[in-house]
Amino acid sequence: MSWNEPGGDKKDPWSGRKNENGPPDLDEVIRSFQEKLGGIFGGGSGGGDSTGGGSLKSLGVLAAGAIVLWGLSGFYIVDEGTRGVETRFGAYVTTTQPGLNWRFPTPIEQVQVVDVQNVQVVEVGYRSGGRQGGGSVPREALMLTKDENIVDVRLAVQYQVKNAKNYVFNVLNPTATLKQVTEGVERGVIGHSTMDFVLTEGRSEIVAEIQTEIQKVMDAYESGILITTVNLQDAQPPEQVQGAFEDAIKAREDKQRFINEAEAYSNEVVPVARGAASRKIQEAEGYKVSVIAEATGEVSRFSQLLTEYNKAPKVTRQRMYLESMEQVLSNTSTVMVDVKGGNNLLYLPLDKLGNKTASAIADNSAKRSNLRTIPKPIRNTSTSRSSNRGRGRDVRGR
């Protein structure tokens with residue numbers, strides 16, 4: 001009940017009397033709080049002037065302490081392999097190196113730490129983990145080649161931050177930007193190549209071209225990103241045509257195998273044929289030299305014979321006849337001598353006579369082996385034939 005209602009409390013709140021049952025007076029609460037602060041910081045509990053001075057002093061000390069704590073909060077540490085990008089009210093100030101650094105505390109300045117040492121990876125066309133389970137992402141992986149075929153390409157782009165300021169300020173989302181640039185560059189390079197070139201011998205060339213183009217675009221954006229490596233994780237035809245493509249690859253491998261076998265056979269046969277041809281050529285050259293030398297010798301002999309014939313025709317003619325007969329009769333072991341004016345033929349077994357003569361000479365040589373004399377040479381059968389021929393003439397003469 002209010003104080004002025006009938007039956008209510010007749011105490012006037014403006015009368016200055018204490019209300020023992022009501023809440024404490026606000027002035028008393030403030031005064032009590034000031035006294036406690038004065039006691040903490042060395043102030044007295046005297047009159048009003050001393051209390052007011054102590055309160056101001058206490059507030060100054062509190063403000064100074066708060067300023068010191070606020071200033072100390074500006075110290076920060078930049079780890080090794082990272083850089084600190086300081087901003088003042090959102091504007092770039094400086095890039096700090098690893099170690100202990102100081103800035104104006106928040107909210108005046110702020111620091112964003114950027115990792116410039118570790119290599120980060122952007123996957124295009126596949127996912128190595130998560131819900132995808134390392135499978136292909138068709139929206140990113142399927143691309144059209146120059147010969148209007150579809151190929152499934154998966155790339156892994158590794159990069160580092162080379163400029164922390166550009167990395168923070170020039171690109172809103174560097175990772176997403178790099179991924180989009182990679183996908184665009186990849187489609188451009190694959191679109192200028194044939195499917196066989198992408199899947200077989202052109203992998204290294206395609207990877208090098210993609211890395212170069214990505215770096216050019218990111219440098220044009222001033223993104224502060226350095227592309228370290230581009231890895232072609234996989235390049236294959238879509239699942240729907242993999243069977244036919246495997247058959248084509250097998251046929252290509254068989255073709256290459258046959259070519260290698262043919263080249264091996266050629267390498268084996270051609271040297272042998274070349275060696276045989278060289279041997280034939282050398283034999284022909286040797287035969288040519290021998291024939292020329294023999295002909296030259298015959299010419300020289302004939303010239304010498306002609307000179308001797310001019311000097312003594314009869315003797316030379318007789319010697320030539322005897323030499324010719326010697327050559328003819330040397331190839332036979334039987335001689336038939338015709339007796340002029342008679343019906344009988346004289347048979348001379350020169351082979352048997354030659355054997356007996358050779359045996360007799362061998363026996364005589366054995367008997368005289370103790371003598372160091374040179375044995376007489378065996379007479380040529382042609383001489384025997386000549387003598388026999390002379391005897392036949394004597395017989396005919398008789």
# chains A, B, ... in the order shown; residues from 1 in each chain; ligands from 1
>>> closest_atom_pairs(of="range 153-174 of chain A", to="range 231-236 of chain A", cutoff="9 Å", atoms="only C-alpha atoms", output="JSON lines")
{"residue": "A:Val153", "atom": "CA", "partner": "A:Ala235", "partner_atom": "CA", "distance": 4.5}
{"residue": "A:Arg154", "atom": "CA", "partner": "A:Asp234", "partner_atom": "CA", "distance": 5.3}
{"residue": "A:Leu155", "atom": "CA", "partner": "A:Leu232", "partner_atom": "CA", "distance": 4.8}
{"residue": "A:Ala156", "atom": "CA", "partner": "A:Asn231", "partner_atom": "CA", "distance": 5.1}
{"residue": "A:Val157", "atom": "CA", "partner": "A:Asn231", "partner_atom": "CA", "distance": 6.5}
{"residue": "A:Gln158", "atom": "CA", "partner": "A:Asn231", "partner_atom": "CA", "distance": 8.2}
>>> select_by_dssp(residues="range 124-158 of chain A", states="alpha helix (DSSP H)", output="list in words")
Pro138, Arg139, Glu140 and Ala141 of chain A
>>> closest_atom_pairs(of="range 192-307 of chain A", to="range 165-178 of chain A", cutoff="12 Å", atoms="only C-alpha atoms", output="Markdown table")
| residue | atom | partner | partner_atom | distance |
| --- | --- | --- | --- | --- |
| A:Gln211 | CA | A:Leu178 | CA | 11.6 |
| A:Glu213 | CA | A:Leu178 | CA | 11.8 |
| A:Ile214 | CA | A:Leu178 | CA | 8.1 |
| A:Gln215 | CA | A:Leu178 | CA | 9.7 |
| A:Lys216 | CA | A:Leu178 | CA | 11.7 |
| A:Val217 | CA | A:Leu178 | CA | 9.2 |
| A:Met218 | CA | A:Leu178 | CA | 7.5 |
| A:Asp219 | CA | A:Asn166 | CA | 10.2 |
| A:Ala220 | CA | A:Asn170 | CA | 10.8 |
| A:Tyr221 | CA | A:Asn170 | CA | 7.4 |
| A:Glu222 | CA | A:Asn166 | CA | 6.2 |
| A:Ser223 | CA | A:Tyr167 | CA | 5.2 |
| A:Gly224 | CA | A:Tyr167 | CA | 4.8 |
| A:Ile225 | CA | A:Tyr167 | CA | 6.9 |
| A:Leu226 | CA | A:Tyr167 | CA | 10.5 |
| A:Ile227 | CA | A:Leu178 | CA | 9.7 |
>>> residues_around(residues="range 61-76 of chain A", least_positions_apart="2", cutoff="10 Å", atoms="only C-alpha atoms", output="VMD selection string")
chain A and resid 41 55 to 59 78 to 79 84 99 to 106 108 to 111
>>> write_last_selection(atoms="N, CA and C atoms", output="PDB file, in the first residue's frame")
ATOM      1  N   PHE A  41      43.598   2.023  -2.716  1.00  0.00           N
ATOM      2  CA  PHE A  41      44.668   2.803  -3.340  1.00  0.00           C
ATOM      3  C   PHE A  41      45.293   3.837  -2.398  1.00  0.00           C
ATOM      4  N   SER A  55      39.229   9.328  -5.471  1.00  0.00           N
ATOM      5  CA  SER A  55      38.519   8.637  -6.550  1.00  0.00           C
ATOM      6  C   SER A  55      39.141   8.956  -7.896  1.00  0.00           C
ATOM      7  N   LEU A  56      39.499  10.209  -8.140  1.00  0.00           N
ATOM      8  CA  LEU A  56      40.125  10.570  -9.423  1.00  0.00           C
ATOM      9  C   LEU A  56      41.476   9.886  -9.585  1.00  0.00           C
ATOM     10  N   LYS A  57      42.224   9.833  -8.500  1.00  0.00           N
ATOM     11  CA  LYS A  57      43.517   9.169  -8.559  1.00  0.00           C
ATOM     12  C   LYS A  57      43.376   7.693  -8.849  1.00  0.00           C
ATOM     13  N   SER A  58      42.380   7.084  -8.215  1.00  0.00           N
ATOM     14  CA  SER A  58      42.148   5.652  -8.454  1.00  0.00           C
ATOM     15  C   SER A  58      41.754   5.399  -9.895  1.00  0.00           C
ATOM     16  N   LEU A  59      40.897   6.243 -10.417  1.00  0.00           N
ATOM     17  CA  LEU A  59      40.479   6.066 -11.812  1.00  0.00           C
ATOM     18  C   LEU A  59      41.658   6.253 -12.773  1.00  0.00           C
ATOM     19  N   VAL A  78      55.578 -14.492 -34.934  1.00  0.00           N
ATOM     20  CA  VAL A  78      55.423 -15.095 -36.264  1.00  0.00           C
ATOM     21  C   VAL A  78      56.326 -16.326 -36.319  1.00  0.00           C
ATOM     22  N   ASP A  79      55.755 -17.487 -36.573  1.00  0.00           N
ATOM     23  CA  ASP A  79      56.517 -18.730 -36.607  1.00  0.00           C
ATOM     24  C   ASP A  79      57.397 -18.807 -37.855  1.00  0.00           C
ATOM     25  N   GLY A  84      53.758 -12.402 -41.414  1.00  0.00           N
ATOM     26  CA  GLY A  84      52.635 -11.677 -40.836  1.00  0.00           C
ATOM     27  C   GLY A  84      52.295 -10.457 -41.665  1.00  0.00           C
ATOM     28  N   GLY A  99      59.539 -14.269 -35.875  1.00  0.00           N
ATOM     29  CA  GLY A  99      60.086 -13.766 -34.618  1.00  0.00           C
ATOM     30  C   GLY A  99      59.043 -12.969 -33.847  1.00  0.00           C
ATOM     31  N   LEU A 100      59.504 -12.232 -32.803  1.00  0.00           N
ATOM     32  CA  LEU A 100      58.621 -11.421 -31.970  1.00  0.00           C
ATOM     33  C   LEU A 100      58.431 -10.057 -32.629  1.00  0.00           C
ATOM     34  N   ASN A 101      57.192  -9.657 -32.801  1.00  0.00           N
ATOM     35  CA  ASN A 101      56.869  -8.378 -33.438  1.00  0.00           C
ATOM     36  C   ASN A 101      55.810  -7.662 -32.593  1.00  0.00           C
ATOM     37  N   TRP A 102      55.683  -6.353 -32.853  1.00  0.00           N
ATOM     38  CA  TRP A 102      54.676  -5.551 -32.135  1.00  0.00           C
ATOM     39  C   TRP A 102      53.897  -4.713 -33.139  1.00  0.00           C
ATOM     40  N   ARG A 103      52.645  -4.551 -32.847  1.00  0.00           N
ATOM     41  CA  ARG A 103      51.737  -3.714 -33.639  1.00  0.00           C
ATOM     42  C   ARG A 103      50.839  -2.954 -32.693  1.00  0.00           C
ATOM     43  N   PHE A 104      50.146  -1.970 -33.254  1.00  0.00           N
ATOM     44  CA  PHE A 104      49.121  -1.320 -32.453  1.00  0.00           C
ATOM     45  C   PHE A 104      48.007  -2.322 -32.177  1.00  0.00           C
ATOM     46  N   PRO A 105      47.612  -2.422 -30.915  1.00  0.00           N
ATOM     47  CA  PRO A 105      46.628  -3.469 -30.585  1.00  0.00           C
ATOM     48  C   PRO A 105      45.291  -3.236 -31.288  1.00  0.00           C
ATOM     49  N   THR A 106      44.494  -4.263 -31.254  1.00  0.00           N
ATOM     50  CA  THR A 106      43.136  -4.209 -31.798  1.00  0.00           C
ATOM     51  C   THR A 106      42.336  -3.134 -31.058  1.00  0.00           C
ATOM     52  N   ILE A 108      43.004  -1.079 -33.707  1.00  0.00           N
ATOM     53  CA  ILE A 108      43.730  -0.205 -34.626  1.00  0.00           C
ATOM     54  C   ILE A 108      44.403  -1.032 -35.715  1.00  0.00           C
ATOM     55  N   GLU A 109      45.199  -2.013 -35.334  1.00  0.00           N
ATOM     56  CA  GLU A 109      45.898  -2.864 -36.289  1.00  0.00           C
ATOM     57  C   GLU A 109      45.596  -4.328 -36.014  1.00  0.00           C
ATOM     58  N   GLN A 110      45.642  -5.088 -37.086  1.00  0.00           N
ATOM     59  CA  GLN A 110      45.441  -6.525 -37.000  1.00  0.00           C
ATOM     60  C   GLN A 110      46.507  -7.232 -37.823  1.00  0.00           C
ATOM     61  N   VAL A 111      46.731  -8.517 -37.547  1.00  0.00           N
ATOM     62  CA  VAL A 111      47.760  -9.312 -38.226  1.00  0.00           C
ATOM     63  C   VAL A 111      47.124 -10.591 -38.757  1.00  0.00           C
TER      64      VAL A 111
END
>>> residues_around(residues="range 299-306 of chain A", least_positions_apart="4", cutoff="12 Å", atoms="only C-alpha atoms", output="VMD selection string")
chain A and resid 292 to 295 310 to 313 315 to 317 319 to 320
>>> write_last_selection(atoms="N, CA and C atoms", output="CSV table (one decimal), in the first residue's frame")
chain,number,residue,atom,x,y,z
A,292,ILE,N,95.7,-60.5,-113.3
A,292,ILE,CA,96.6,-59.5,-113.9
A,292,ILE,C,98.0,-59.8,-113.8
A,293,ALA,N,98.4,-60.2,-112.6
A,293,ALA,CA,99.8,-60.6,-112.3
A,293,ALA,C,100.3,-61.7,-113.2
A,294,GLU,N,99.4,-62.7,-113.3
A,294,GLU,CA,99.7,-63.9,-114.2
A,294,GLU,C,99.8,-63.5,-115.6
A,295,ALA,N,98.9,-62.7,-116.1
A,295,ALA,CA,99.0,-62.2,-117.5
A,295,ALA,C,100.2,-61.4,-117.7
A,310,ASN,N,114.6,-65.2,-131.5
A,310,ASN,CA,115.3,-64.5,-132.5
A,310,ASN,C,116.8,-64.8,-132.6
A,311,LYS,N,117.3,-65.1,-131.5
A,311,LYS,CA,118.7,-65.5,-131.4
A,311,LYS,C,119.0,-66.9,-132.0
A,312,ALA,N,118.2,-67.9,-131.5
A,312,ALA,CA,118.4,-69.3,-131.9
A,312,ALA,C,117.0,-69.9,-132.2
A,313,PRO,N,116.5,-69.8,-133.4
A,313,PRO,CA,115.1,-70.3,-133.6
A,313,PRO,C,115.0,-71.8,-133.5
A,315,VAL,N,116.9,-74.1,-131.8
A,315,VAL,CA,117.0,-74.6,-130.4
A,315,VAL,C,115.8,-74.1,-129.6
A,316,THR,N,115.3,-72.9,-129.8
A,316,THR,CA,114.2,-72.4,-129.0
A,316,THR,C,112.9,-73.2,-129.4
A,317,ARG,N,112.8,-73.5,-130.7
A,317,ARG,CA,111.6,-74.2,-131.1
A,317,ARG,C,111.6,-75.6,-130.5
A,319,ARG,N,113.1,-76.6,-127.7
A,319,ARG,CA,112.8,-76.5,-126.3
A,319,ARG,C,111.4,-76.2,-126.0
A,320,MET,N,110.7,-75.4,-126.9
A,320,MET,CA,109.3,-75.2,-126.7
A,320,MET,C,108.5,-76.4,-126.9
>>> select_by_dssp(residues="range 43-218 of chain A", states="strand (DSSP E)", output="PyMOL selection string")
chain A and resi 75-78+82-88+91-96+99-102+109-115+120-124+142-144+150-161
>>> closest_residue(among="A:Gln242, A:Thr212, A:Ser278, A:Ser266", to="Thr182 in chain A", atoms="only C-alpha atoms")
A:Thr212
>>> closest_residue(among="A:Asn163, A:Ser290, A:Thr145, A:Thr228", to="Arg187 in chain A", atoms="only C-alpha atoms")
A:Thr145
